[in-house]
$ cat work_27.json   # JSON, N, CA and C atoms
[["chain", "number", "residue", "atom", "x", "y", "z"],
["A", 1, "MET", "N", -141.63, 6.21, 45.20],
["A", 1, "MET", "CA", -141.40, 5.67, 46.53],
["A", 1, "MET", "C", -142.76, 5.30, 47.13],
["A", 2, "SER", "N", -142.84, 4.09, 47.62],
["A", 2, "SER", "CA", -144.11, 3.62, 48.19],
["A", 2, "SER", "C", -144.34, 4.23, 49.58],
["A", 3, "ALA", "N", -145.55, 4.11, 50.06],
["A", 3, "ALA", "CA", -145.89, 4.63, 51.39],
["A", 3, "ALA", "C", -145.06, 3.93, 52.46],
["A", 4, "THR", "N", -144.84, 2.64, 52.28],
["A", 4, "THR", "CA", -144.03, 1.89, 53.24],
["A", 4, "THR", "C", -142.58, 2.38, 53.23],
["A", 5, "ASP", "N", -142.06, 2.63, 52.03],
["A", 5, "ASP", "CA", -140.69, 3.16, 51.92],
["A", 5, "ASP", "C", -140.58, 4.52, 52.60],
["A", 6, "GLU", "N", -141.61, 5.35, 52.45],
["A", 6, "GLU", "CA", -141.61, 6.67, 53.09],
["A", 6, "GLU", "C", -141.63, 6.53, 54.60],
["A", 7, "LEU", "N", -142.42, 5.59, 55.12],
["A", 7, "LEU", "CA", -142.46, 5.36, 56.56],
["A", 7, "LEU", "C", -141.09, 4.92, 57.08],
["A", 8, "ILE", "N", -140.47, 4.00, 56.34],
["A", 8, "ILE", "CA", -139.16, 3.50, 56.75],
["A", 8, "ILE", "C", -138.13, 4.63, 56.72],
["A", 9, "ALA", "N", -138.16, 5.44, 55.67],
["A", 9, "ALA", "CA", -137.22, 6.56, 55.56],
["A", 9, "ALA", "C", -137.43, 7.55, 56.69],
["A", 10, "SER", "N", -138.68, 7.84, 57.01],
["A", 10, "SER", "CA", -138.99, 8.77, 58.10],
["A", 10, "SER", "C", -138.53, 8.21, 59.43],
["A", 11, "ALA", "N", -138.74, 6.92, 59.63],
["A", 11, "ALA", "CA", -138.31, 6.27, 60.87],
["A", 11, "ALA", "C", -136.79, 6.31, 61.00],
["A", 12, "GLU", "N", -136.09, 6.03, 59.91],
["A", 12, "GLU", "CA", -134.62, 6.05, 59.94],
["A", 12, "GLU", "C", -134.09, 7.46, 60.20],
["A", 13, "LEU", "N", -134.68, 8.44, 59.55],
["A", 13, "LEU", "CA", -134.26, 9.82, 59.76],
["A", 13, "LEU", "C", -134.52, 10.26, 61.19],
["A", 14, "GLY", "N", -135.67, 9.88, 61.72],
["A", 14, "GLY", "CA", -135.99, 10.20, 63.11],
["A", 14, "GLY", "C", -135.00, 9.58, 64.07],
["A", 15, "GLU", "N", -134.60, 8.35, 63.79],
["A", 15, "GLU", "CA", -133.62, 7.67, 64.65],
["A", 15, "GLU", "C", -132.27, 8.36, 64.57],
["A", 16, "GLU", "N", -131.88, 8.79, 63.37],
["A", 16, "GLU", "CA", -130.62, 9.52, 63.23],
["A", 16, "GLU", "C", -130.67, 10.84, 64.00],
["A", 17, "ALA", "N", -131.79, 11.55, 63.92],
["A", 17, "ALA", "CA", -131.94, 12.81, 64.65],
["A", 17, "ALA", "C", -131.86, 12.56, 66.15],
["A", 18, "LYS", "N", -132.49, 11.49, 66.61],
["A", 18, "LYS", "CA", -132.47, 11.15, 68.04],
["A", 18, "LYS", "C", -131.04, 10.86, 68.50],
["A", 19, "LYS", "N", -130.32, 10.07, 67.72],
["A", 19, "LYS", "CA", -128.93, 9.76, 68.06],
["A", 19, "LYS", "C", -128.07, 11.03, 68.06],
["A", 20, "PHE", "N", -128.33, 11.91, 67.10],
["A", 20, "PHE", "CA", -127.60, 13.18, 67.02],
["A", 20, "PHE", "C", -127.85, 14.00, 68.28],
["A", 21, "LEU", "N", -129.11, 14.12, 68.68],
["A", 21, "LEU", "CA", -129.45, 14.90, 69.87],
["A", 21, "LEU", "C", -128.85, 14.30, 71.14],
["A", 22, "GLU", "N", -128.72, 12.99, 71.18],
["A", 22, "GLU", "CA", -128.16, 12.32, 72.35],
["A", 22, "GLU", "C", -126.64, 12.32, 72.36],
["A", 23, "GLY", "N", -126.03, 12.59, 71.21],
["A", 23, "GLY", "CA", -124.58, 12.57, 71.11],
["A", 23, "GLY", "C", -123.95, 13.89, 71.55],
["A", 24, "ASP", "N", -122.63, 13.86, 71.66],
["A", 24, "ASP", "CA", -121.89, 15.04, 72.11],
["A", 24, "ASP", "C", -122.11, 16.24, 71.19],
["A", 25, "LEU", "N", -121.98, 16.02, 69.89],
["A", 25, "LEU", "CA", -122.13, 17.12, 68.94],
["A", 25, "LEU", "C", -123.54, 17.73, 69.01],
["A", 26, "GLY", "N", -124.54, 16.88, 69.05],
["A", 26, "GLY", "CA", -125.91, 17.38, 69.14],
["A", 26, "GLY", "C", -126.14, 18.19, 70.40],
["A", 27, "ARG", "N", -125.66, 17.68, 71.54],
["A", 27, "ARG", "CA", -125.83, 18.40, 72.81],
["A", 27, "ARG", "C", -125.12, 19.75, 72.77],
["A", 28, "VAL", "N", -123.92, 19.76, 72.19],
["A", 28, "VAL", "CA", -123.18, 21.02, 72.10],
["A", 28, "VAL", "C", -123.92, 22.01, 71.21],
["A", 29, "LEU", "N", -124.38, 21.56, 70.04],
["A", 29, "LEU", "CA", -125.06, 22.49, 69.13],
["A", 29, "LEU", "C", -126.38, 22.99, 69.69],
["A", 30, "VAL", "N", -127.14, 22.13, 70.36],
["A", 30, "VAL", "CA", -128.38, 22.57, 71.00],
["A", 30, "VAL", "C", -128.05, 23.57, 72.10],
["A", 31, "GLY", "N", -126.99, 23.30, 72.85],
["A", 31, "GLY", "CA", -126.56, 24.24, 73.89],
["A", 31, "GLY", "C", -126.14, 25.58, 73.32],
["A", 32, "LEU", "N", -125.41, 25.55, 72.20],
["A", 32, "LEU", "CA", -125.01, 26.81, 71.56],
["A", 32, "LEU", "C", -126.21, 27.57, 71.04],
["A", 33, "ALA", "N", -127.18, 26.85, 70.48],
["A", 33, "ALA", "CA", -128.40, 27.51, 70.00],
["A", 33, "ALA", "C", -129.12, 28.16, 71.17],
["A", 34, "GLN", "N", -129.18, 27.48, 72.32],
["A", 34, "GLN", "CA", -129.84, 28.05, 73.49],
["A", 34, "GLN", "C", -129.08, 29.27, 74.01],
["A", 35, "GLN", "N", -127.76, 29.22, 73.95],
["A", 35, "GLN", "CA", -126.97, 30.38, 74.36],
["A", 35, "GLN", "C", -127.26, 31.58, 73.47],
["A", 36, "GLU", "N", -127.37, 31.34, 72.16],
["A", 36, "GLU", "CA", -127.70, 32.43, 71.24],
["A", 36, "GLU", "C", -129.08, 33.02, 71.57],
["A", 37, "ILE", "N", -130.02, 32.15, 71.87],
["A", 37, "ILE", "CA", -131.36, 32.60, 72.25],
["A", 37, "ILE", "C", -131.29, 33.46, 73.50],
["A", 38, "ASP", "N", -130.58, 32.97, 74.51],
["A", 38, "ASP", "CA", -130.47, 33.70, 75.78],
["A", 38, "ASP", "C", -129.79, 35.05, 75.59],
["A", 39, "LEU", "N", -128.69, 35.07, 74.83],
["A", 39, "LEU", "CA", -127.99, 36.33, 74.58],
["A", 39, "LEU", "C", -128.87, 37.32, 73.82],
["A", 40, "ALA", "N", -129.61, 36.82, 72.84],
["A", 40, "ALA", "CA", -130.50, 37.70, 72.07],
["A", 40, "ALA", "C", -131.61, 38.24, 72.96],
["A", 41, "HIS", "N", -132.14, 37.42, 73.86],
["A", 41, "HIS", "CA", -133.16, 37.90, 74.80],
["A", 41, "HIS", "C", -132.61, 39.02, 75.68],
["A", 42, "GLU", "N", -131.40, 38.80, 76.19],
["A", 42, "GLU", "CA", -130.78, 39.82, 77.04],
["A", 42, "GLU", "C", -130.57, 41.11, 76.26],
["A", 43, "ALA", "N", -130.08, 41.01, 75.04],
["A", 43, "ALA", "CA", -129.87, 42.19, 74.21],
["A", 43, "ALA", "C", -131.19, 42.86, 73.86],
["A", 44, "LEU", "N", -132.22, 42.06, 73.67],
["A", 44, "LEU", "CA", -133.53, 42.60, 73.34],
["A", 44, "LEU", "C", -134.10, 43.43, 74.49],
["A", 45, "GLU", "N", -133.80, 43.00, 75.71],
["A", 45, "GLU", "CA", -134.30, 43.71, 76.89],
["A", 45, "GLU", "C", -133.74, 45.13, 76.99],
["A", 46, "ILE", "N", -132.53, 45.34, 76.48],
["A", 46, "ILE", "CA", -131.91, 46.67, 76.60],
["A", 46, "ILE", "C", -131.83, 47.40, 75.26],
["A", 47, "ALA", "N", -132.41, 46.80, 74.23],
["A", 47, "ALA", "CA", -132.36, 47.42, 72.89],
["A", 47, "ALA", "C", -133.16, 48.72, 72.88],
["A", 48, "ASP", "N", -132.68, 49.65, 72.10],
["A", 48, "ASP", "CA", -133.39, 50.92, 71.91],
["A", 48, "ASP", "C", -134.72, 50.62, 71.22],
["A", 49, "PRO", "N", -135.83, 50.98, 71.83],
["A", 49, "PRO", "CA", -137.14, 50.63, 71.26],
["A", 49, "PRO", "C", -137.41, 51.23, 69.88],
["A", 50, "VAL", "N", -136.68, 52.24, 69.50],
["A", 50, "VAL", "CA", -136.90, 52.82, 68.17],
["A", 50, "VAL", "C", -135.98, 52.20, 67.12],
["A", 51, "ASP", "N", -135.05, 51.37, 67.54],
["A", 51, "ASP", "CA", -134.12, 50.73, 66.61],
["A", 51, "ASP", "C", -134.75, 49.42, 66.11],
["A", 52, "THR", "N", -135.68, 49.57, 65.19],
["A", 52, "THR", "CA", -136.43, 48.41, 64.72],
["A", 52, "THR", "C", -135.54, 47.38, 64.00],
["A", 53, "GLU", "N", -134.49, 47.85, 63.34],
["A", 53, "GLU", "CA", -133.59, 46.93, 62.65],
["A", 53, "GLU", "C", -132.87, 46.02, 63.65],
["A", 54, "ALA", "N", -132.39, 46.60, 64.73],
["A", 54, "ALA", "CA", -131.71, 45.81, 65.76],
["A", 54, "ALA", "C", -132.69, 44.84, 66.43],
["A", 55, "ILE", "N", -133.88, 45.32, 66.71],
["A", 55, "ILE", "CA", -134.89, 44.46, 67.34],
["A", 55, "ILE", "C", -135.24, 43.30, 66.42],
["A", 56, "ARG", "N", -135.45, 43.60, 65.15],
["A", 56, "ARG", "CA", -135.77, 42.55, 64.18],
["A", 56, "ARG", "C", -134.63, 41.54, 64.08],
["A", 57, "GLY", "N", -133.41, 42.01, 64.08],
["A", 57, "GLY", "CA", -132.25, 41.12, 64.02],
["A", 57, "GLY", "C", -132.18, 40.19, 65.23],
["A", 58, "LEU", "N", -132.44, 40.74, 66.41],
["A", 58, "LEU", "CA", -132.43, 39.93, 67.62],
["A", 58, "LEU", "C", -133.58, 38.92, 67.62],
["A", 59, "GLN", "N", -134.74, 39.36, 67.16],
["A", 59, "GLN", "CA", -135.88, 38.43, 67.07],
["A", 59, "GLN", "C", -135.57, 37.28, 66.11],
["A", 60, "ASN", "N", -134.89, 37.59, 65.02],
["A", 60, "ASN", "CA", -134.53, 36.54, 64.07],
["A", 60, "ASN", "C", -133.53, 35.55, 64.67],
["A", 61, "LYS", "N", -132.58, 36.04, 65.47],
["A", 61, "LYS", "CA", -131.65, 35.13, 66.13],
["A", 61, "LYS", "C", -132.39, 34.18, 67.05],
["A", 62, "ILE", "N", -133.37, 34.70, 67.76],
["A", 62, "ILE", "CA", -134.17, 33.88, 68.67],
["A", 62, "ILE", "C", -134.94, 32.83, 67.88],
["A", 63, "LYS", "N", -135.56, 33.25, 66.77],
["A", 63, "LYS", "CA", -136.33, 32.32, 65.95],
["A", 63, "LYS", "C", -135.46, 31.19, 65.40],
["A", 64, "VAL", "N", -134.31, 31.55, 64.86],
["A", 64, "VAL", "CA", -133.43, 30.54, 64.25],
["A", 64, "VAL", "C", -132.93, 29.56, 65.31],
["A", 65, "GLY", "N", -132.59, 30.05, 66.47],
["A", 65, "GLY", "CA", -132.15, 29.17, 67.55],
["A", 65, "GLY", "C", -133.24, 28.19, 67.95],
["A", 66, "ARG", "N", -134.45, 28.68, 68.03],
["A", 66, "ARG", "CA", -135.58, 27.81, 68.37],
["A", 66, "ARG", "C", -135.87, 26.83, 67.25],
["A", 67, "TRP", "N", -135.82, 27.31, 66.02],
["A", 67, "TRP", "CA", -136.11, 26.45, 64.87],
["A", 67, "TRP", "C", -135.18, 25.25, 64.84],
["A", 68, "PHE", "N", -133.90, 25.49, 65.10],
["A", 68, "PHE", "CA", -132.91, 24.41, 65.04],
["A", 68, "PHE", "C", -133.35, 23.25, 65.93],
["A", 69, "THR", "N", -133.64, 23.54, 67.17],
["A", 69, "THR", "CA", -134.04, 22.49, 68.11],
["A", 69, "THR", "C", -135.40, 21.91, 67.73],
["A", 70, "GLU", "N", -136.32, 22.76, 67.30],
["A", 70, "GLU", "CA", -137.65, 22.28, 66.91],
["A", 70, "GLU", "C", -137.58, 21.35, 65.71],
["A", 71, "TRP", "N", -136.73, 21.68, 64.74],
["A", 71, "TRP", "CA", -136.61, 20.82, 63.56],
["A", 71, "TRP", "C", -136.14, 19.43, 63.96],
["A", 72, "LEU", "N", -135.13, 19.38, 64.81],
["A", 72, "LEU", "CA", -134.61, 18.08, 65.24],
["A", 72, "LEU", "C", -135.65, 17.30, 66.03],
["A", 73, "ASN", "N", -136.32, 17.98, 66.96],
["A", 73, "ASN", "CA", -137.36, 17.31, 67.74],
["A", 73, "ASN", "C", -138.52, 16.85, 66.86],
["A", 74, "GLN", "N", -138.83, 17.63, 65.85],
["A", 74, "GLN", "CA", -139.90, 17.25, 64.92],
["A", 74, "GLN", "C", -139.51, 16.00, 64.13],
["A", 75, "LEU", "N", -138.26, 15.92, 63.70],
["A", 75, "LEU", "CA", -137.79, 14.73, 62.99],
["A", 75, "LEU", "C", -137.90, 13.49, 63.87],
["A", 76, "VAL", "N", -137.55, 13.64, 65.15],
["A", 76, "VAL", "CA", -137.65, 12.51, 66.09],
["A", 76, "VAL", "C", -139.11, 12.09, 66.23],
["A", 77, "ALA", "N", -140.00, 13.06, 66.45],
["A", 77, "ALA", "CA", -141.42, 12.76, 66.63],
["A", 77, "ALA", "C", -142.02, 12.12, 65.38],
["A", 78, "GLU", "N", -141.67, 12.63, 64.20],
["A", 78, "GLU", "CA", -142.18, 12.05, 62.96],
["A", 78, "GLU", "C", -141.65, 10.63, 62.76],
["A", 79, "GLY", "N", -140.42, 10.40, 63.15],
["A", 79, "GLY", "CA", -139.85, 9.06, 63.05],
["A", 79, "GLY", "C", -140.56, 8.09, 63.97],
["A", 80, "GLU", "N", -140.85, 8.53, 65.19],
["A", 80, "GLU", "CA", -141.57, 7.67, 66.13],
["A", 80, "GLU", "C", -142.98, 7.38, 65.63],
["A", 81, "GLN", "N", -143.62, 8.38, 65.07],
["A", 81, "GLN", "CA", -144.96, 8.19, 64.50],
["A", 81, "GLN", "C", -144.91, 7.22, 63.33],
["A", 82, "ALA", "N", -143.89, 7.34, 62.50],
["A", 82, "ALA", "CA", -143.75, 6.44, 61.35],
["A", 82, "ALA", "C", -143.58, 4.99, 61.81],
["A", 83, "ILE", "N", -142.81, 4.79, 62.87],
["A", 83, "ILE", "CA", -142.64, 3.44, 63.42],
["A", 83, "ILE", "C", -143.97, 2.90, 63.91],
["A", 84, "HIS", "N", -144.72, 3.73, 64.59],
["A", 84, "HIS", "CA", -146.04, 3.33, 65.11],
["A", 84, "HIS", "C", -146.97, 2.93, 63.96],
["A", 85, "VAL", "N", -147.02, 3.76, 62.92],
["A", 85, "VAL", "CA", -147.89, 3.48, 61.77],
["A", 85, "VAL", "C", -147.43, 2.20, 61.07],
["A", 86, "TYR", "N", -146.13, 2.05, 60.89],
["A", 86, "TYR", "CA", -145.58, 0.86, 60.23],
["A", 86, "TYR", "C", -145.96, -0.41, 60.99],
["A", 87, "LYS", "N", -145.82, -0.36, 62.30],
["A", 87, "LYS", "CA", -146.17, -1.52, 63.12],
["A", 87, "LYS", "C", -147.66, -1.85, 63.01],
["A", 88, "GLN", "N", -148.50, -0.82, 62.98],
["A", 88, "GLN", "CA", -149.94, -1.05, 62.82],
["A", 88, "GLN", "C", -150.23, -1.69, 61.49],
["A", 89, "GLN", "N", -149.56, -1.24, 60.45],
["A", 89, "GLN", "CA", -149.79, -1.79, 59.11],
["A", 89, "GLN", "C", -149.35, -3.26, 59.04],
["A", 90, "GLN", "N", -148.31, -3.60, 59.77],
["A", 90, "GLN", "CA", -147.83, -4.98, 59.75],
["A", 90, "GLN", "C", -148.77, -5.92, 60.47],
["A", 91, "GLU", "N", -149.57, -5.40, 61.40],
["A", 91, "GLU", "CA", -150.53, -6.22, 62.14],
["A", 91, "GLU", "C", -151.77, -6.55, 61.33],
["A", 92, "ILE", "N", -152.00, -5.77, 60.29],
["A", 92, "ILE", "CA", -153.23, -5.96, 59.50],
["A", 92, "ILE", "C", -153.12, -7.15, 58.59]]
$ encode --input "work_27.json" --output "C-alpha cells"
Amino acid sequence: MSATDELIASAELGEEAKKFLEGDLGRVLVGLAQQEIDLAHEALEIADPVDTEAIRGLQNKIKVGRWFTEWLNQLVAEGEQAIHVYKQQQEI
C-alpha cells in the first residue's frame, strides 16, 4: 500500500468515525460509556480502601469507557490530519 493509499484510507476511516459519533448510535454509545465512567467513579468513592480487587475493577471500567471515546476521537483527528497532508502533497 502506497503512502497516498494510506492517507486516503486514514481519511476515509476518520470520516466514518466522525459520522458514527454524529449519528444516533454513536451518541448513544458515547453516552453509555460516560454513564459507566460516572457510575464507576461513584462506586470508587465509597469502595473499601483495602479491597484492591474492587478498586482495580472500577479503575478498569473507567479506563475502558475513556478509551472508547478517545479511540473514536483519535480516528477523527488522524483522518483530518491525513486530509491535510494529502492536500499539501497535491499542491506540490
$ atom_distance --input "work_27.json" --atom1 "atom C of A:Ala40" --atom2 "atom N of A:Leu58"
7.1 Å
$ atom_distance --input "work_27.json" --atom1 "atom CA of A:Glu78" --atom2 "atom CA of A:Gly14"
6.5 Å
$ axis_aligned_box --input "work_27.json" --around "stretch 51-66 of chain A" --padding-each-side "5 Å" --output "JSON"
{"center_x": -134.0, "center_y": 39.1, "center_z": 65.7, "size_x": 14.8, "size_y": 34.5, "size_z": 16.0}
$ residues_around --input "work_27.json" --residues "A:Glu36" --least-positions-apart "4" --cutoff "8 Å" --atoms "only N, CA and C atoms" --output "list in words"
Val30, Gly31, Leu32, Ala40, His41, Glu42, Lys61, Ile62, Gly65 and Arg66 of chain A
$ atom_distance --input "work_27.json" --atom1 "atom CA of A:Leu39" --atom2 "atom CA of A:Thr69"
16.4 Å
$ residues_around --input "work_27.json" --residues "A:Arg56" --least-positions-apart "4" --cutoff "12 Å" --atoms "only C-alpha atoms" --output "PDB file with N, CA and C atoms, in the frame of the given file"
ATOM      1  N   ALA A  40    -129.610  36.820  72.840  1.00  0.00           N
ATOM      2  CA  ALA A  40    -130.500  37.700  72.070  1.00  0.00           C
ATOM      3  C   ALA A  40    -131.610  38.240  72.960  1.00  0.00           C
ATOM      4  N   HIS A  41    -132.140  37.420  73.860  1.00  0.00           N
ATOM      5  CA  HIS A  41    -133.160  37.900  74.800  1.00  0.00           C
ATOM      6  C   HIS A  41    -132.610  39.020  75.680  1.00  0.00           C
ATOM      7  N   ALA A  43    -130.080  41.010  75.040  1.00  0.00           N
ATOM      8  CA  ALA A  43    -129.870  42.190  74.210  1.00  0.00           C
ATOM      9  C   ALA A  43    -131.190  42.860  73.860  1.00  0.00           C
ATOM     10  N   LEU A  44    -132.220  42.060  73.670  1.00  0.00           N
ATOM     11  CA  LEU A  44    -133.530  42.600  73.340  1.00  0.00           C
ATOM     12  C   LEU A  44    -134.100  43.430  74.490  1.00  0.00           C
ATOM     13  N   ALA A  47    -132.410  46.800  74.230  1.00  0.00           N
ATOM     14  CA  ALA A  47    -132.360  47.420  72.890  1.00  0.00           C
ATOM     15  C   ALA A  47    -133.160  48.720  72.880  1.00  0.00           C
ATOM     16  N   ASP A  48    -132.680  49.650  72.100  1.00  0.00           N
ATOM     17  CA  ASP A  48    -133.390  50.920  71.910  1.00  0.00           C
ATOM     18  C   ASP A  48    -134.720  50.620  71.220  1.00  0.00           C
ATOM     19  N   PRO A  49    -135.830  50.980  71.830  1.00  0.00           N
ATOM     20  CA  PRO A  49    -137.140  50.630  71.260  1.00  0.00           C
ATOM     21  C   PRO A  49    -137.410  51.230  69.880  1.00  0.00           C
ATOM     22  N   VAL A  50    -136.680  52.240  69.500  1.00  0.00           N
ATOM     23  CA  VAL A  50    -136.900  52.820  68.170  1.00  0.00           C
ATOM     24  C   VAL A  50    -135.980  52.200  67.120  1.00  0.00           C
ATOM     25  N   ASP A  51    -135.050  51.370  67.540  1.00  0.00           N
ATOM     26  CA  ASP A  51    -134.120  50.730  66.610  1.00  0.00           C
ATOM     27  C   ASP A  51    -134.750  49.420  66.110  1.00  0.00           C
ATOM     28  N   THR A  52    -135.680  49.570  65.190  1.00  0.00           N
ATOM     29  CA  THR A  52    -136.430  48.410  64.720  1.00  0.00           C
ATOM     30  C   THR A  52    -135.540  47.380  64.000  1.00  0.00           C
ATOM     31  N   ASN A  60    -134.890  37.590  65.020  1.00  0.00           N
ATOM     32  CA  ASN A  60    -134.530  36.540  64.070  1.00  0.00           C
ATOM     33  C   ASN A  60    -133.530  35.550  64.670  1.00  0.00           C
ATOM     34  N   LYS A  61    -132.580  36.040  65.470  1.00  0.00           N
ATOM     35  CA  LYS A  61    -131.650  35.130  66.130  1.00  0.00           C
ATOM     36  C   LYS A  61    -132.390  34.180  67.050  1.00  0.00           C
ATOM     37  N   ILE A  62    -133.370  34.700  67.760  1.00  0.00           N
ATOM     38  CA  ILE A  62    -134.170  33.880  68.670  1.00  0.00           C
ATOM     39  C   ILE A  62    -134.940  32.830  67.880  1.00  0.00           C
ATOM     40  N   LYS A  63    -135.560  33.250  66.770  1.00  0.00           N
ATOM     41  CA  LYS A  63    -136.330  32.320  65.950  1.00  0.00           C
ATOM     42  C   LYS A  63    -135.460  31.190  65.400  1.00  0.00           C
TER      43      LYS A  63
END
